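J.: Contents of final-v3.cif (mmCIF, C-alpha atoms) are given next:
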data_start
loop_
_atom_site.group_PDB
_atom_site.id
_atom_site.type_symbol
_atom_site.label_atom_id
_atom_site.label_comp_id
_atom_site.auth_asym_id
_atom_site.auth_seq_id
_atom_site.Cartn_x
_atom_site.Cartn_y
_atom_site.Cartn_z
ATOM 1 C CA THR A 122 112.366 115.433 66.551
ATOM 2 C CA THR A 123 114.541 114.034 69.335
ATOM 3 C CA LEU A 124 111.912 111.411 70.159
ATOM 4 C CA THR A 125 111.571 110.098 66.606
ATOM 5 C CA ALA A 126 115.073 110.578 65.171
ATOM 6 C CA PRO A 127 118.646 110.911 66.450
ATOM 7 C CA ALA A 128 119.798 114.362 67.496
ATOM 8 C CA PRO A 129 121.620 116.237 64.703
ATOM 9 C CA PHE A 130 125.285 117.171 64.779
ATOM 10 C CA ALA A 131 126.081 120.853 65.248
ATOM 11 C CA ASP A 132 128.285 120.981 62.141
ATOM 12 C CA GLU A 133 125.431 119.604 60.037
ATOM 13 C CA THR A 134 122.876 122.215 61.038
ATOM 14 C CA SER A 135 122.805 125.960 61.608
ATOM 15 C CA CYS A 136 121.553 127.720 64.706
ATOM 16 C CA GLN A 137 117.803 128.207 64.375
ATOM 17 C CA CYS A 138 117.787 131.285 66.607
ATOM 18 C CA GLN A 139 117.078 134.240 64.287
ATOM 19 C CA ALA A 140 116.639 136.966 66.931
ATOM 20 C CA PRO A 141 119.618 138.799 68.407
ATOM 21 C CA HIS A 142 121.210 136.695 71.097
ATOM 22 C CA GLU A 143 120.779 138.723 74.249
ATOM 23 C CA LYS A 144 122.424 137.579 77.455
ATOM 24 C CA LEU A 145 120.021 136.088 79.997
ATOM 25 C CA THR A 146 120.177 135.777 83.742
ATOM 26 C CA ILE A 147 119.254 132.567 85.512
ATOM 27 C CA ALA A 148 116.198 134.284 87.008
ATOM 28 C CA GLN A 149 114.974 135.332 83.570
ATOM 29 C CA ALA A 150 115.544 131.863 82.175
ATOM 30 C CA ARG A 151 113.582 130.273 85.036
ATOM 31 C CA LEU A 152 110.631 132.509 84.185
ATOM 32 C CA GLY A 153 110.605 131.135 80.650
ATOM 33 C CA THR A 154 111.869 134.233 78.888
ATOM 34 C CA PRO A 155 112.603 135.124 76.176
ATOM 35 C CA VAL A 156 109.463 133.930 74.430
ATOM 36 C CA ASP A 157 110.934 134.119 70.928
ATOM 37 C CA ARG A 158 113.580 131.392 71.497
ATOM 38 C CA PRO A 159 114.478 128.575 73.885
ATOM 39 C CA VAL A 160 117.228 128.870 76.473
ATOM 40 C CA ARG A 161 120.332 127.234 75.027
ATOM 41 C CA VAL A 162 122.004 125.026 77.625
ATOM 42 C CA TYR A 163 125.371 123.364 77.034
ATOM 43 C CA ALA A 164 126.708 120.229 78.746
ATOM 44 C CA ASP A 165 129.969 118.494 77.858
ATOM 45 C CA GLY A 166 131.853 115.342 78.797
ATOM 46 C CA ILE A 167 133.566 112.164 77.621
ATOM 47 C CA PHE A 168 130.508 109.905 77.990
ATOM 48 C CA ASP A 169 132.504 106.689 77.758
ATOM 49 C CA LEU A 170 130.363 103.583 78.331
ATOM 50 C CA PHE A 171 127.263 105.770 78.330
ATOM 51 C CA HIS A 172 125.163 104.832 81.378
ATOM 52 C CA SER A 173 122.247 105.995 83.503
ATOM 53 C CA GLY A 174 124.402 108.479 85.412
ATOM 54 C CA HIS A 175 125.136 110.317 82.174
ATOM 55 C CA ALA A 176 121.469 110.221 81.144
ATOM 56 C CA ARG A 177 120.312 111.605 84.502
ATOM 57 C CA ALA A 178 122.774 114.525 84.278
ATOM 58 C CA LEU A 179 121.496 115.361 80.793
ATOM 59 C CA MET A 180 117.899 115.085 81.976
ATOM 60 C CA GLN A 181 118.638 117.645 84.702
ATOM 61 C CA ALA A 182 120.295 119.957 82.193
ATOM 62 C CA LYS A 183 117.310 119.663 79.856
ATOM 63 C CA THR A 184 114.767 120.431 82.581
ATOM 64 C CA LEU A 185 116.597 123.335 84.247
ATOM 65 C CA PHE A 186 114.317 125.851 82.523
ATOM 66 C CA PRO A 187 110.754 125.698 81.181
ATOM 67 C CA ASN A 188 111.875 126.110 77.574
ATOM 68 C CA SER A 189 115.386 124.876 76.849
ATOM 69 C CA TYR A 190 117.473 123.538 73.987
ATOM 70 C CA LEU A 191 120.217 121.128 75.102
ATOM 71 C CA LEU A 192 123.535 121.033 73.266
ATOM 72 C CA VAL A 193 125.976 118.294 74.303
ATOM 73 C CA GLY A 194 129.690 118.559 73.530
ATOM 74 C CA VAL A 195 131.703 115.324 73.270
ATOM 75 C CA CYS A 196 135.502 115.479 73.354
ATOM 76 C CA SER A 197 137.520 113.656 70.706
ATOM 77 C CA ASP A 198 139.778 110.664 71.329
ATOM 78 C CA ASP A 199 142.925 112.782 71.010
ATOM 79 C CA LEU A 200 141.898 115.274 73.698
ATOM 80 C CA THR A 201 140.534 112.552 75.996
ATOM 81 C CA HIS A 202 143.621 110.337 75.780
ATOM 82 C CA LYS A 203 145.806 113.381 76.369
ATOM 83 C CA PHE A 204 144.045 114.798 79.441
ATOM 84 C CA LYS A 205 142.105 111.901 80.952
ATOM 85 C CA GLY A 206 143.237 108.555 79.612
ATOM 86 C CA PHE A 207 142.303 105.744 77.313
ATOM 87 C CA THR A 208 138.617 105.108 76.622
ATOM 88 C CA VAL A 209 136.720 101.872 76.021
ATOM 89 C CA MET A 210 134.549 103.381 73.289
ATOM 90 C CA ASN A 211 136.013 105.402 70.460
ATOM 91 C CA GLU A 212 134.788 108.884 69.625
ATOM 92 C CA THR A 213 132.362 107.762 66.893
ATOM 93 C CA GLU A 214 130.684 105.308 69.257
ATOM 94 C CA ARG A 215 130.443 107.995 71.933
ATOM 95 C CA TYR A 216 128.946 110.508 69.483
ATOM 96 C CA GLU A 217 126.276 108.014 68.421
ATOM 97 C CA ALA A 218 125.443 107.111 72.021
ATOM 98 C CA LEU A 219 124.650 110.772 72.741
ATOM 99 C CA ARG A 220 122.622 111.241 69.571
ATOM 100 C CA HIS A 221 120.200 108.555 70.758
ATOM 101 C CA CYS A 222 119.563 110.003 74.200
ATOM 102 C CA ARG A 223 116.040 111.430 74.391
ATOM 103 C CA TYR A 224 117.103 114.596 76.246
ATOM 104 C CA VAL A 225 119.707 115.711 73.681
ATOM 105 C CA ASP A 226 118.733 118.223 71.004
ATOM 106 C CA GLU A 227 122.124 118.631 69.348
ATOM 107 C CA VAL A 228 125.566 116.994 69.553
ATOM 108 C CA ILE A 229 128.807 118.967 69.115
ATOM 109 C CA ARG A 230 131.661 116.751 67.972
ATOM 110 C CA ASP A 231 135.285 117.399 68.986
ATOM 111 C CA ALA A 232 134.258 119.742 71.787
ATOM 112 C CA PRO A 233 137.033 121.808 73.444
ATOM 113 C CA TRP A 234 138.452 120.713 76.780
ATOM 114 C CA THR A 235 138.222 124.273 78.112
ATOM 115 C CA LEU A 236 135.360 126.524 76.955
ATOM 116 C CA THR A 237 136.408 129.733 75.250
ATOM 117 C CA PRO A 238 134.331 132.887 74.663
ATOM 118 C CA GLU A 239 134.571 132.241 70.932
ATOM 119 C CA PHE A 240 133.059 128.774 71.337
ATOM 120 C CA LEU A 241 130.242 130.093 73.523
ATOM 121 C CA GLU A 242 129.467 132.840 71.021
ATOM 122 C CA LYS A 243 129.597 130.522 68.028
ATOM 123 C CA HIS A 244 126.944 128.211 69.453
ATOM 124 C CA LYS A 245 124.995 131.007 71.191
ATOM 125 C CA ILE A 246 125.216 129.255 74.553
ATOM 126 C CA ASP A 247 123.295 130.823 77.433
ATOM 127 C CA PHE A 248 124.300 128.498 80.283
ATOM 128 C CA VAL A 249 126.666 125.621 80.993
ATOM 129 C CA ALA A 250 125.397 122.668 83.069
ATOM 130 C CA HIS A 251 127.728 120.403 85.050
ATOM 131 C CA ASP A 252 128.082 119.040 88.575
ATOM 132 C CA ASP A 253 129.422 121.574 91.068
ATOM 133 C CA ILE A 254 132.543 119.586 92.039
ATOM 134 C CA PRO A 255 135.704 121.471 90.889
ATOM 135 C CA TYR A 256 137.079 119.719 87.811
ATOM 136 C CA SER A 257 140.829 120.041 87.860
ATOM 137 C CA SER A 258 142.488 119.311 84.532
ATOM 138 C CA ALA A 259 144.799 120.791 81.909
ATOM 139 C CA GLY A 260 146.777 122.690 84.530
ATOM 140 C CA SER A 261 143.687 124.324 86.055
ATOM 141 C CA ASP A 262 142.122 123.782 89.447
ATOM 142 C CA ASP A 263 138.672 124.099 87.908
ATOM 143 C CA VAL A 264 138.089 124.257 84.158
ATOM 144 C CA TYR A 265 134.631 125.811 84.784
ATOM 145 C CA LYS A 266 135.924 128.597 87.043
ATOM 146 C CA HIS A 267 135.583 131.390 84.467
ATOM 147 C CA ILE A 268 132.075 130.142 83.526
ATOM 148 C CA LYS A 269 131.015 130.341 87.185
ATOM 149 C CA GLU A 270 132.459 133.836 87.494
ATOM 150 C CA ALA A 271 130.491 134.907 84.416
ATOM 151 C CA GLY A 272 127.211 133.720 85.963
ATOM 152 C CA MET A 273 126.643 131.165 83.222
ATOM 153 C CA PHE A 274 127.130 128.002 85.304
ATOM 154 C CA VAL A 275 124.125 125.925 86.448
ATOM 155 C CA PRO A 276 124.941 122.944 88.720
ATOM 156 C CA THR A 277 123.516 119.456 88.359
ATOM 157 C CA GLN A 278 123.654 116.517 90.773
ATOM 158 C CA ARG A 279 125.816 113.431 90.276
ATOM 159 C CA THR A 280 124.217 109.989 90.476
ATOM 160 C CA GLU A 281 125.848 107.994 93.240
ATOM 161 C CA GLY A 282 126.822 104.362 92.694
ATOM 162 C CA ILE A 283 127.321 104.506 88.931
ATOM 163 C CA SER A 284 130.195 105.834 86.862
ATOM 164 C CA THR A 285 132.412 104.784 83.979
ATOM 165 C CA SER A 286 135.285 104.126 86.391
ATOM 166 C CA ASP A 287 133.045 101.849 88.493
ATOM 167 C CA ILE A 288 132.038 99.820 85.443
ATOM 168 C CA ILE A 289 135.660 99.408 84.334
ATOM 169 C CA THR A 290 136.622 98.401 87.872
ATOM 170 C CA ARG A 291 134.004 95.629 87.821
ATOM 171 C CA ILE A 292 135.361 94.324 84.515
ATOM 172 C CA VAL A 293 138.970 94.366 85.722
ATOM 173 C CA ARG A 294 138.006 92.731 89.023
ATOM 174 C CA ASP A 295 136.119 89.918 87.276
ATOM 175 C CA TYR A 296 138.434 89.707 84.282
ATOM 176 C CA ASP A 297 138.639 85.897 84.314
ATOM 177 C CA VAL A 298 134.869 85.605 84.311
ATOM 178 C CA TYR A 299 134.446 87.861 81.291
ATOM 179 C CA ALA A 300 137.385 86.282 79.443
ATOM 180 C CA ARG A 301 135.833 82.825 79.900
ATOM 181 C CA ARG A 302 132.445 84.231 78.877
ATOM 182 C CA ASN A 303 133.777 85.621 75.610
ATOM 183 C CA LEU A 304 135.807 82.500 74.843
ATOM 184 C CA GLN A 305 132.629 80.526 75.257
ATOM 185 C CA ARG A 306 130.847 82.892 72.869
ATOM 186 C CA GLY A 307 133.366 82.303 70.096
ATOM 187 C CA TYR A 308 136.026 84.967 70.560
ATOM 188 C CA THR A 309 139.596 83.807 70.013
ATOM 189 C CA ALA A 310 142.371 84.005 72.580
ATOM 190 C CA LYS A 311 144.186 86.437 70.295
ATOM 191 C CA GLU A 312 141.202 88.795 70.195
ATOM 192 C CA LEU A 313 141.011 88.695 73.985
ATOM 193 C CA ASN A 314 144.803 89.041 74.388
ATOM 194 C CA VAL A 315 144.835 85.824 76.421
ATOM 195 C CA SER A 316 147.916 83.580 76.611
ATOM 196 C CA PHE A 317 147.865 79.937 75.502
ATOM 197 C CA ILE A 318 148.028 78.626 79.072
ATOM 198 C CA ASN A 319 145.225 80.898 80.271
ATOM 199 C CA GLU A 320 143.113 79.945 77.287
ATOM 200 C CA LYS A 321 143.383 76.243 78.185
ATOM 201 C CA LYS A 322 142.680 77.043 81.824
ATOM 202 C CA TYR A 323 139.592 79.058 80.949
ATOM 203 C CA ARG A 324 138.280 76.397 78.586
ATOM 204 C CA PHE A 325 138.810 73.715 81.241
ATOM 205 C CA GLN A 326 136.961 75.859 83.770
ATOM 206 C CA ASN A 327 134.134 76.280 81.269
ATOM 207 C CA GLN A 328 133.877 72.484 80.937
ATOM 208 C CA VAL A 329 133.850 72.110 84.709
ATOM 209 C CA ASP A 330 131.088 74.701 84.952
ATOM 210 C CA LYS A 331 129.075 72.843 82.318
ATOM 211 C CA MET A 332 129.413 69.606 84.281
ATOM 212 C CA LYS A 333 128.348 71.398 87.455
ATOM 213 C CA GLU A 334 125.360 72.820 85.636
ATOM 214 C CA LYS A 335 124.392 69.359 84.369
ATOM 215 C CA VAL A 336 124.693 67.892 87.853
ATOM 216 C CA LYS A 337 122.623 70.743 89.224
ATOM 217 C CA ASN A 338 119.954 70.150 86.574
ATOM 218 C CA VAL A 339 119.900 66.433 87.369
ATOM 219 C CA GLU A 340 119.533 67.188 91.075
ATOM 220 C CA GLU A 341 116.699 69.606 90.400
ATOM 221 C CA LYS A 342 114.932 67.091 88.167
ATOM 222 C CA SER A 343 115.451 64.380 90.790
ATOM 223 C CA LYS A 344 113.980 66.593 93.472
ATOM 224 C CA GLU A 345 111.068 67.388 91.193
ATOM 225 C CA PHE A 346 110.528 63.661 90.495
ATOM 226 C CA VAL A 347 110.665 62.796 94.210
ATOM 227 C CA TYR A 348 108.221 65.574 94.959
ATOM 228 C CA LYS A 349 105.807 64.270 92.329
ATOM 229 C CA VAL A 350 106.131 60.713 93.683
ATOM 230 C CA GLU A 351 105.495 61.907 97.222
ATOM 231 C CA GLU A 352 102.523 63.902 96.048
ATOM 232 C CA LYS A 353 101.057 60.912 94.192
ATOM 233 C CA SER A 354 101.788 58.611 97.140
ATOM 234 C CA HIS A 355 99.960 60.980 99.427
ATOM 235 C CA ASP A 356 96.983 60.966 97.055
ATOM 236 C CA LEU A 357 97.015 57.166 96.845
ATOM 237 C CA ILE A 358 97.208 56.799 100.632
ATOM 238 C CA GLN A 359 94.352 59.222 101.055
ATOM 239 C CA LYS A 360 92.227 57.331 98.518
ATOM 240 C CA TRP A 361 93.152 54.023 100.170
ATOM 241 C CA GLU A 362 92.064 55.344 103.554
ATOM 242 C CA GLU A 363 88.771 56.519 102.114
ATOM 243 C CA LYS A 364 88.172 53.126 100.463
ATOM 244 C CA SER A 365 89.157 51.339 103.696
ATOM 245 C CA ARG A 366 86.664 53.361 105.705
ATOM 246 C CA GLU A 367 83.993 52.631 103.112
ATOM 247 C CA PHE A 368 84.808 48.872 103.181
ATOM 248 C CA ILE A 369 84.782 48.709 106.996
ATOM 249 C CA GLY A 370 81.473 50.576 107.092
ATOM 250 C CA ASN A 371 79.921 48.200 104.574
ATOM 251 C CA PHE A 372 81.301 45.180 106.488
ATOM 252 C CA LEU A 373 79.889 46.388 109.793
ATOM 253 C CA GLU A 374 76.586 47.198 108.152
ATOM 254 C CA LEU A 375 76.405 43.626 106.862
ATOM 255 C CA PHE A 376 78.057 41.586 109.647
ATOM 256 C CA GLY A 377 77.780 43.845 112.675
ATOM 257 C CA PRO A 378 75.669 43.214 115.798
ATOM 258 C CA ASP A 379 72.634 44.731 114.142
ATOM 259 C CA GLY A 380 73.682 43.913 110.619
ATOM 260 C CA ALA A 381 71.583 42.613 107.763
ATOM 261 C CA TRP A 382 73.319 39.216 107.841
ATOM 262 C CA LYS A 383 72.220 38.540 111.442
ATOM 263 C CA GLN A 384 68.651 39.468 110.670
ATOM 264 C CA MET A 385 68.652 37.217 107.615
ATOM 265 C CA PHE A 386 70.205 34.360 109.637
ATOM 266 C CA GLN A 387 67.562 34.729 112.361
ATOM 267 C CA GLU A 388 64.780 34.667 109.782
ATOM 268 C CA ARG A 389 66.166 31.512 108.136
ATOM 269 C CA SER A 390 66.718 29.838 111.506
ATOM 270 C CA GLY A 391 63.105 30.500 112.437
ATOM 271 C CA ARG A 392 61.896 29.024 109.192
ATOM 272 C CA MET A 393 64.012 25.892 109.648
ATOM 273 C CA LEU A 394 62.749 25.406 113.218
ATOM 274 C CA GLN A 395 59.198 25.707 112.026
ATOM 275 C CA ALA A 396 59.901 23.215 109.250
ATOM 276 C CA PHE A 397 61.426 20.546 111.556
ATOM 277 C CA SER A 398 59.161 20.894 114.643
ATOM 278 C CA PRO A 399 55.970 18.505 114.662
ATOM 279 C CA ARG A 400 52.516 19.970 114.529
ATOM 280 C CA GLN A 401 50.489 19.804 117.773
ATOM 281 C CA SER A 402 47.123 17.859 117.703
ATOM 282 C CA PRO A 403 43.954 19.799 118.355
ATOM 283 C CA ASN A 404 42.349 19.656 121.860
ATOM 284 C CA SER A 405 39.227 17.697 120.614
ATOM 285 C CA SER A 406 41.252 14.712 119.457
ATOM 286 C CA PRO A 407 39.994 11.412 120.994
ATOM 287 C CA THR A 408 43.532 10.282 121.611
ATOM 288 C CA ARG A 409 43.854 12.793 124.448
ATOM 289 C CA GLY A 410 41.041 10.927 126.324
ATOM 290 C CA ARG A 411 42.761 7.577 126.318
ATOM 291 C CA SER A 412 44.832 6.448 129.185
ATOM 292 C CA PRO A 413 48.476 5.848 128.663
ATOM 293 C CA SER A 414 47.938 2.105 129.159
ATOM 294 C CA ARG A 415 49.682 -0.443 127.106
ATOM 295 C CA SER A 416 48.009 -1.394 123.908
ATOM 296 C CA PRO A 417 46.711 -4.973 123.807
ATOM 297 C CA SER A 418 48.976 -7.447 122.280
ATOM 298 C CA PRO A 419 47.924 -8.973 119.019
ATOM 299 C CA PRO A 420 46.212 -12.237 119.298
ATOM 300 C CA TRP A 421 48.953 -14.044 117.493
ATOM 301 C CA VAL A 422 51.556 -13.120 120.013
ATOM 302 C CA PHE A 423 52.082 -15.976 122.397
ATOM 303 C CA ASN A 424 53.248 -15.802 125.897
ATOM 304 C CA LYS A 425 56.747 -17.070 125.991
ATOM 305 C CA ALA A 426 56.684 -17.737 129.633
ATOM 306 C CA SER A 427 53.667 -20.191 129.429
ATOM 307 C CA PRO A 428 53.455 -21.965 126.137
ATOM 308 C CA PRO A 429 50.460 -24.310 125.595
ATOM 309 C CA SER A 430 50.984 -27.649 127.085
ATOM 310 C CA SER A 431 48.797 -29.624 124.696
ATOM 311 C CA PRO A 432 46.768 -29.282 121.556
ATOM 312 C CA LYS A 433 43.594 -29.118 123.508
ATOM 313 C CA ALA A 434 44.817 -26.282 125.629
ATOM 314 C CA ALA A 435 45.896 -24.440 122.509
ATOM 315 C CA SER A 436 42.523 -24.816 120.951
ATOM 316 C CA ALA A 437 40.871 -23.656 124.166
ATOM 317 C CA SER A 438 43.005 -20.507 124.218
ATOM 318 C CA LEU A 439 42.191 -19.734 120.655
ATOM 319 C CA SER A 440 38.481 -20.111 121.355
ATOM 320 C CA SER A 441 38.700 -17.786 124.334
ATOM 321 C CA MET A 442 40.554 -15.151 122.255
ATOM 322 C CA SER A 443 37.876 -15.311 119.635
ATOM 323 C CA GLU A 444 35.188 -14.813 122.214
ATOM 324 C CA GLY A 445 37.010 -11.849 123.599
ATOM 325 C CA ASP A 446 37.135 -10.298 120.158
ATOM 326 C CA GLU A 447 33.467 -10.741 119.719
ATOM 327 C CA ASP A 448 32.796 -9.091 123.075
ATOM 328 C CA GLU A 449 34.839 -6.020 122.009
ATOM 329 C CA LYS A 450 32.848 -5.800 118.847
#
Write out the structure in this file as structure tokens.
T.:
Amino acid sequence: TTLTAPAPFADETSCQCQAPHEKLTIAQARLGTPVDRPVRVYADGIFDLFHSGHARALMQAKTLFPNSYLLVGVCSDDLTHKFKGFTVMNETERYEALRHCRYVDEVIRDAPWTLTPEFLEKHKIDFVAHDDIPYSSAGSDDVYKHIKEAGMFVPTQRTEGISTSDIITRIVRDYDVYARRNLQRGYTAKELNVSFINEKKYRFQNQVDKMKEKVKNVEEKSKEFVYKVEEKSHDLIQKWEEKSREFIGNFLELFGPDGAWKQMFQERSGRMLQAFSPRQSPNSSPTRGRSPSRSPSPPWVFNKASPPSSPKAASASLSSMSEGDEDEK
């Protein structure tokens, strides 16, 4: 039911193991025995600010043996504050965080700081899982020393780079950032334990950051606008070049050395020359046989150099002209 519902609390359920609880060795547990019950593995801790390092340790504890039942003990606030220090999450929050981890089968509230034989017997614990680093506390060099000597200790590996202390260190290091963040989200200076002067400073810094963000947005939009303009300009220039090539090609096709306009002009010029040039006479024309002599003057044209001297002479000339006409006839 751990995948569909939170893990139950130990004080709200009874141990489901009905057979006598015989002590197992690690070798027997690795073989999957006994068949009538799962191997009961216990892991304990503070689990403040529950993170992936905690989950990985519990995953290792759950998968140590083929058939296992994982019990997780969580120490109370009183014990934790006494032996380790103040926590960010209270005990109820830490209990609930463990109940919703997929590897946990059962949560033991107010777990002891040092495991006693009575506690191990009460919960029928076969093995205790924890990292192998000696845990010195409560006046002892290693609180798991007697568990190791009893052959009930199974080591797990720590996850490097993540721990509750690391997370708290990040928050303390960037305190101003998180204080400003929470002020911006509506928390009061009193809730954040921030002085009046720091509150005003943080709010001013928030306004400055907003202005910077606006300027950054304007710059990004400007860059985007310029990019779009450049892209459109490039398209327009490309289209203009294509149209220019098409226009020049059409112009050369029409007005070039071998263009249609020249051919049309030559055809029209030929027609005009034919229209204005005179027609040549045929070879059989009688005019070609005549000599290029002067045509006879009309009879009424008088010679200016020798005008008639008298009426008789004039009449004589007229009579001779008439005779000449008759001879031609």
J.: Have a look at A:Lys245, A:Ile167, A:Gln326, A:Pro233 and name the one nearest to Thr213 of chain A; count all atoms listed in the file.
T.: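 Among A:Lys245, A:Ile167, A:Gln326, A:Pro233, it is A:Ile167 that comes nearest to Thr213 of chain A.
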J.: So that I can see what lies close to segment 203-211 of chain A, please list as a list of chain:residue names the residues with an atom at most 7 Å from it, counting all atoms listed in the file and leaving out residues fewer than 2 positions away in the same chain.
T.: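 Answer for this query is A:Asp169, A:Leu170, A:Asp198, A:Asp199, A:Leu200, A:Thr201, A:Thr213, A:Glu214, A:Arg215, A:Ser258, A:Ala259.
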J.: Report the distance between atom CA of Tyr265 of chain A and atom CA of Leu241 of chain A in Å, rounded to one decimal place.
T.: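 For atom CA of Tyr265 of chain A relative to atom CA of Leu241 of chain A, the distance reads 12.8 Å.
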J.: Atom CA of Lys333 of chain A and atom CA of Ala310 of chain A, how far apart in Å?
T.: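 Atom-to-atom, atom CA of Ala310 of chain A and atom CA of Lys333 of chain A are spaced 24.0 Å apart.
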J.: May I have the residues within 7 Å of segment 177-187 of chain A as a list in words, using only C-alpha atoms and disregarding those fewer than 6 positions away in the same chain?
T.: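 What passes the distance filter is Ala150, Arg151, Gly153, Tyr224, Ala250, Thr277, Gln278 and Arg279 of chain A.
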J.: Could you check which of A:His202, A:Lys322, A:Arg223, A:Arg230 is closest to Asp165 of chain A, using all atoms listed in the file?
T.: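 Closest residue, counting all atoms listed in the file: A:Arg230.
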J.: Assuming the chain letters and numbering stay as they are in my file, what does the PyMOL selection byres ((chain A and resi 190-195) around 6) actually select? List them as a list in words.
T.: Pro159, Val160, Arg161, Val162, Tyr163, Ala164, Asp165, Gly166, Ile167, Lys183, Ser189, Cys196, Val225, Asp226, Glu227, Val228, Ile229, Arg230, Asp231 and Ala232 of chain A
J.: For Lys266 of chain A, which of A:Lys243, A:Thr134, A:Thr146, A:Thr235 is the closest residue, counting all atoms listed in the file?
T.: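 Among the listed residues, A:Thr235 lies closest to Lys266 of chain A.
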J.: Quick one: distance from atom CA of Ile246 of chain A to atom CA of Leu145 of chain A in Å, one decimal?
T.: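 Taking atom CA of Ile246 of chain A as the start and atom CA of Leu145 of chain A as the end point, the length is 10.2 Å.
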J.: Taking only C-alpha atoms into account, which of A:Pro127, A:Ala271, A:Ser284, A:Glu341 comes nearest Pro238 of chain A?
T.: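 Going through A:Pro127, A:Ala271, A:Ser284, A:Glu341 one by one, the smallest distance to Pro238 of chain A is for A:Ala271.
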J.: Enclose all atoms of segment 237-242 of chain A listed in the file in an axis-aligned box, grow every side by 5 Å, and hand back centre and edge lengths in Å to one decimal, as AutoDock Vina command-line options.
T.:
--center_x 132.9 --center_y 130.8 --center_z 73.1 --size_x 16.9 --size_y 14.1 --size_z 14.3
J.: Between A:His267, A:Asn338, A:Ser197, A:Tyr216, which one has atoms that come closest to Ala131 of chain A, using all atoms listed in the file?
T.: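 Under the stated criterion, the closest residue is A:Tyr216.
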J.: Using all atoms listed in the file, which of A:Ser173, A:Thr280, A:Asn188, A:Asn319 sits nearest Pro155 of chain A?
T.: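 Closest to Pro155 of chain A, using all atoms listed in the file: A:Asn188.
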J.: Emit segment 383-394 of chain A of the structure in the block as a file comprising N, CA, C and O atoms, as a tab-separated table (two decimals), in the first residue's frame.
T.:
chain	number	residue	atom	x	y	z
A	383	LYS	N	14.01	46.66	-83.19
A	383	LYS	CA	14.85	46.91	-84.37
A	383	LYS	C	14.25	46.24	-85.60
A	383	LYS	O	14.20	46.82	-86.69
A	384	GLN	N	13.79	45.00	-85.41
A	384	GLN	CA	13.19	44.32	-86.55
A	384	GLN	C	11.94	45.04	-87.02
A	384	GLN	O	11.73	45.22	-88.23
A	385	MET	N	11.13	45.52	-86.10
A	385	MET	CA	9.92	46.24	-86.47
A	385	MET	C	10.28	47.55	-87.17
A	385	MET	O	9.66	47.96	-88.17
A	386	PHE	N	11.32	48.26	-86.65
A	386	PHE	CA	11.75	49.51	-87.28
A	386	PHE	C	12.26	49.28	-88.70
A	386	PHE	O	11.96	50.04	-89.62
A	387	GLN	N	13.03	48.20	-88.90
A	387	GLN	CA	13.54	47.89	-90.23
A	387	GLN	C	12.38	47.58	-91.19
A	387	GLN	O	12.38	48.02	-92.34
A	388	GLU	N	11.41	46.85	-90.71
A	388	GLU	CA	10.26	46.54	-91.57
A	388	GLU	C	9.50	47.80	-91.95
A	388	GLU	O	9.15	48.02	-93.11
A	389	ARG	N	9.28	48.71	-91.01
A	389	ARG	CA	8.56	49.95	-91.31
A	389	ARG	C	9.39	50.85	-92.22
A	389	ARG	O	8.84	51.53	-93.11
A	390	SER	N	10.71	50.88	-92.00
A	390	SER	CA	11.56	51.70	-92.87
A	390	SER	C	11.50	51.20	-94.30
A	390	SER	O	11.42	51.99	-95.26
A	391	GLY	N	11.52	49.88	-94.46
A	391	GLY	CA	11.42	49.33	-95.82
A	391	GLY	C	10.13	49.68	-96.48
A	391	GLY	O	10.08	50.03	-97.67
A	392	ARG	N	9.05	49.62	-95.72
A	392	ARG	CA	7.75	49.98	-96.30
A	392	ARG	C	7.69	51.45	-96.71
A	392	ARG	O	7.15	51.82	-97.75
A	393	MET	N	8.25	52.32	-95.88
A	393	MET	CA	8.24	53.75	-96.21
A	393	MET	C	9.09	54.04	-97.43
A	393	MET	O	8.72	54.85	-98.30
A	394	LEU	N	10.24	53.37	-97.57
A	394	LEU	CA	11.08	53.57	-98.75
A	394	LEU	C	10.37	53.11	-100.00
A	394	LEU	O	10.43	53.76	-101.06
